[in-house]
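Dropping query.cif in here (mmCIF, C-alpha atoms):
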```cif
data_data
#
loop_
_atom_site.group_PDB
_atom_site.id
_atom_site.type_symbol
_atom_site.label_atom_id
_atom_site.label_comp_id
_atom_site.auth_asym_id
_atom_site.auth_seq_id
_atom_site.Cartn_x
_atom_site.Cartn_y
_atom_site.Cartn_z
ATOM 1 C CA MET A 92 88.013 100.160 171.126
ATOM 2 C CA ARG A 93 84.804 100.164 169.140
ATOM 3 C CA LYS A 94 81.540 99.335 170.828
ATOM 4 C CA THR A 95 79.256 96.953 168.958
ATOM 5 C CA HIS A 96 75.524 97.502 169.160
ATOM 6 C CA TYR A 97 73.261 94.501 168.604
ATOM 7 C CA ILE A 98 69.659 94.725 167.415
ATOM 8 C CA GLY A 99 67.311 91.800 168.047
ATOM 9 C CA PHE A 100 65.419 90.180 165.211
ATOM 10 C CA ARG A 101 62.020 91.408 166.443
ATOM 11 C CA ASN A 102 63.205 94.995 166.819
ATOM 12 C CA PHE A 103 65.166 95.120 163.566
ATOM 13 C CA PRO A 104 62.388 96.450 161.254
ATOM 14 C CA TYR A 105 61.378 99.127 163.779
ATOM 15 C CA LYS A 106 64.778 100.574 164.661
ATOM 16 C CA PRO A 107 65.982 103.581 162.711
ATOM 17 C CA SER A 108 69.364 103.269 161.036
ATOM 18 C CA PHE A 109 72.341 104.663 162.895
ATOM 19 C CA LYS A 110 73.852 106.405 159.880
ATOM 20 C CA PRO A 111 71.905 109.221 158.267
ATOM 21 C CA SER A 112 71.097 108.457 154.655
ATOM 22 C CA THR A 113 72.655 110.817 152.173
ATOM 23 C CA LYS A 114 70.973 111.501 148.884
ATOM 24 C CA PRO A 115 73.221 111.359 145.832
ATOM 25 C CA ARG A 116 73.675 114.558 143.916
ATOM 26 C CA PRO A 117 72.028 114.496 140.492
ATOM 27 C CA PHE A 118 74.368 114.540 137.521
ATOM 28 C CA THR A 119 73.999 114.151 133.794
ATOM 29 C CA ALA A 120 75.532 111.009 132.327
ATOM 30 C CA TYR A 121 76.331 110.640 128.654
ATOM 31 C CA SER A 122 76.746 107.311 126.920
ATOM 32 C CA PHE A 123 79.382 106.777 124.257
ATOM 33 C CA VAL A 124 80.419 103.411 122.821
ATOM 34 C CA PRO A 125 83.798 103.705 121.116
ATOM 35 C CA PHE A 126 84.957 101.495 118.282
ATOM 36 C CA SER A 127 86.814 98.493 119.628
ATOM 37 C CA PRO A 128 89.488 96.856 117.452
ATOM 38 C CA LEU A 129 89.013 93.669 119.472
ATOM 39 C CA ALA A 130 85.667 93.230 117.733
ATOM 40 C CA MET A 131 87.636 92.231 114.633
ATOM 41 C CA LEU A 132 88.477 88.963 116.412
ATOM 42 C CA ASP A 133 85.056 87.641 115.433
ATOM 43 C CA PRO A 134 85.408 84.126 113.927
ATOM 44 C CA THR A 135 83.585 85.109 110.725
ATOM 45 C CA ILE A 136 85.876 88.083 110.101
ATOM 46 C CA LEU A 137 88.958 85.969 110.890
ATOM 47 C CA THR A 138 87.815 83.188 108.544
ATOM 48 C CA ILE A 139 87.211 85.580 105.648
ATOM 49 C CA GLY A 140 90.580 87.264 106.253
ATOM 50 C CA GLY A 141 92.343 83.900 106.463
ATOM 51 C CA ILE A 142 90.866 82.708 103.194
ATOM 52 C CA VAL A 143 91.863 85.883 101.365
ATOM 53 C CA LEU A 144 95.349 85.786 102.901
ATOM 54 C CA GLY A 145 95.710 82.114 101.955
ATOM 55 C CA ILE A 146 94.790 82.808 98.335
ATOM 56 C CA ALA A 147 97.318 85.659 98.195
ATOM 57 C CA ILE A 148 100.056 83.391 99.596
ATOM 58 C CA ILE A 149 99.194 80.669 97.072
ATOM 59 C CA GLU A 150 99.405 83.271 94.302
ATOM 60 C CA ARG A 151 102.896 84.325 95.436
ATOM 61 C CA ILE A 152 104.069 80.688 95.648
ATOM 62 C CA LEU A 153 102.793 79.964 92.134
ATOM 63 C CA GLU A 154 104.576 83.091 90.908
ATOM 64 C CA ARG A 155 107.871 81.839 92.364
ATOM 65 C CA TRP A 156 107.363 78.455 90.743
ATOM 66 C CA GLY A 157 106.953 80.183 87.393
ATOM 67 C CA VAL A 158 103.358 79.170 86.669
ATOM 68 C CA ILE A 159 102.483 82.583 85.255
ATOM 69 C CA ASP A 160 99.294 81.498 83.450
ATOM 70 C CA LEU A 161 97.759 80.256 86.677
ATOM 71 C CA VAL A 162 98.923 83.386 88.499
ATOM 72 C CA ASP A 163 97.182 85.550 85.884
ATOM 73 C CA GLN A 164 93.962 83.564 86.403
ATOM 74 C CA PHE A 165 94.260 84.061 90.164
ATOM 75 C CA ALA A 166 94.860 87.783 89.653
ATOM 76 C CA LYS A 167 91.737 88.123 87.502
ATOM 77 C CA VAL A 168 89.623 86.312 90.089
ATOM 78 C CA MET A 169 91.136 88.231 93.010
ATOM 79 C CA ARG A 170 90.500 91.561 91.264
ATOM 80 C CA PHE A 171 86.797 90.783 91.646
ATOM 81 C CA ILE A 172 86.814 88.808 94.915
ATOM 82 C CA LEU A 173 88.897 91.187 97.071
ATOM 83 C CA PRO A 174 86.622 94.265 96.835
ATOM 84 C CA VAL A 175 83.475 92.153 97.226
ATOM 85 C CA THR A 176 84.939 90.363 100.253
ATOM 86 C CA PHE A 177 86.168 93.592 101.828
ATOM 87 C CA TYR A 178 82.853 95.409 101.512
ATOM 88 C CA SER A 179 80.874 92.347 102.593
ATOM 89 C CA ALA A 180 83.018 91.943 105.711
ATOM 90 C CA LEU A 181 82.730 95.666 106.442
ATOM 91 C CA ILE A 182 78.935 95.573 106.169
ATOM 92 C CA TYR A 183 78.812 92.426 108.330
ATOM 93 C CA PHE A 184 81.064 94.048 110.933
ATOM 94 C CA PHE A 185 78.973 97.217 111.187
ATOM 95 C CA ALA A 186 75.677 95.321 111.145
ATOM 96 C CA THR A 187 76.800 92.919 113.872
ATOM 97 C CA PHE A 188 78.841 95.048 116.252
ATOM 98 C CA MET A 189 77.437 98.526 115.932
ATOM 99 C CA PHE A 190 73.746 97.826 116.415
#
```

This structure in structure tokens:
Amino acid sequence: MRKTHYIGFRNFPYKPSFKPSTKPRPFTAYSFVPFSPLAMLDPTILTIGGIVLGIAIIERILERWGVIDLVDQFAKVMRFILPVTFYSALIYFFATFMF
């Protein structure tokens, strides 16, 4: 059975502790923040990706319907929009989540 030792309120600040304090050993800690794929779940990144994906789906639907002229117009616009959107989202991602 364990014996409990009580210290009164007045004597508490003056009593030494029962356990000897141990000093922690010094060690060198290195910090590394890895890339997290979950950071891509940012609403801005998801919105940009959804818009681009929606335009690509609309282009495929128009191609199945046989509206080739409109599909060619979409392809010309997407040839410019896709690289600009990709690099803009990449710059936004690195500027927001890496710094």

### Query
Which residue gives the smallest distance to A:Tyr178 among A:Leu153, A:Ala120, A:Ile148, A:Ile136, with only C-alpha atoms counted?
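When distances to A:Tyr178 are compared using only C-alpha atoms, the smallest one comes from A:Ile136.
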
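Between atom CA of A:Ile142 and atom CA of A:Ala166 there is a distance of 15.0 Å.
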
### Task
Could you expand the PyMOL selection byres ((chain A and resi 180) around 12) into the explicit residues it covers here, written as a VMD selection string?
chain A and resid 131 133 to 140 143 172 to 179 181 to 188
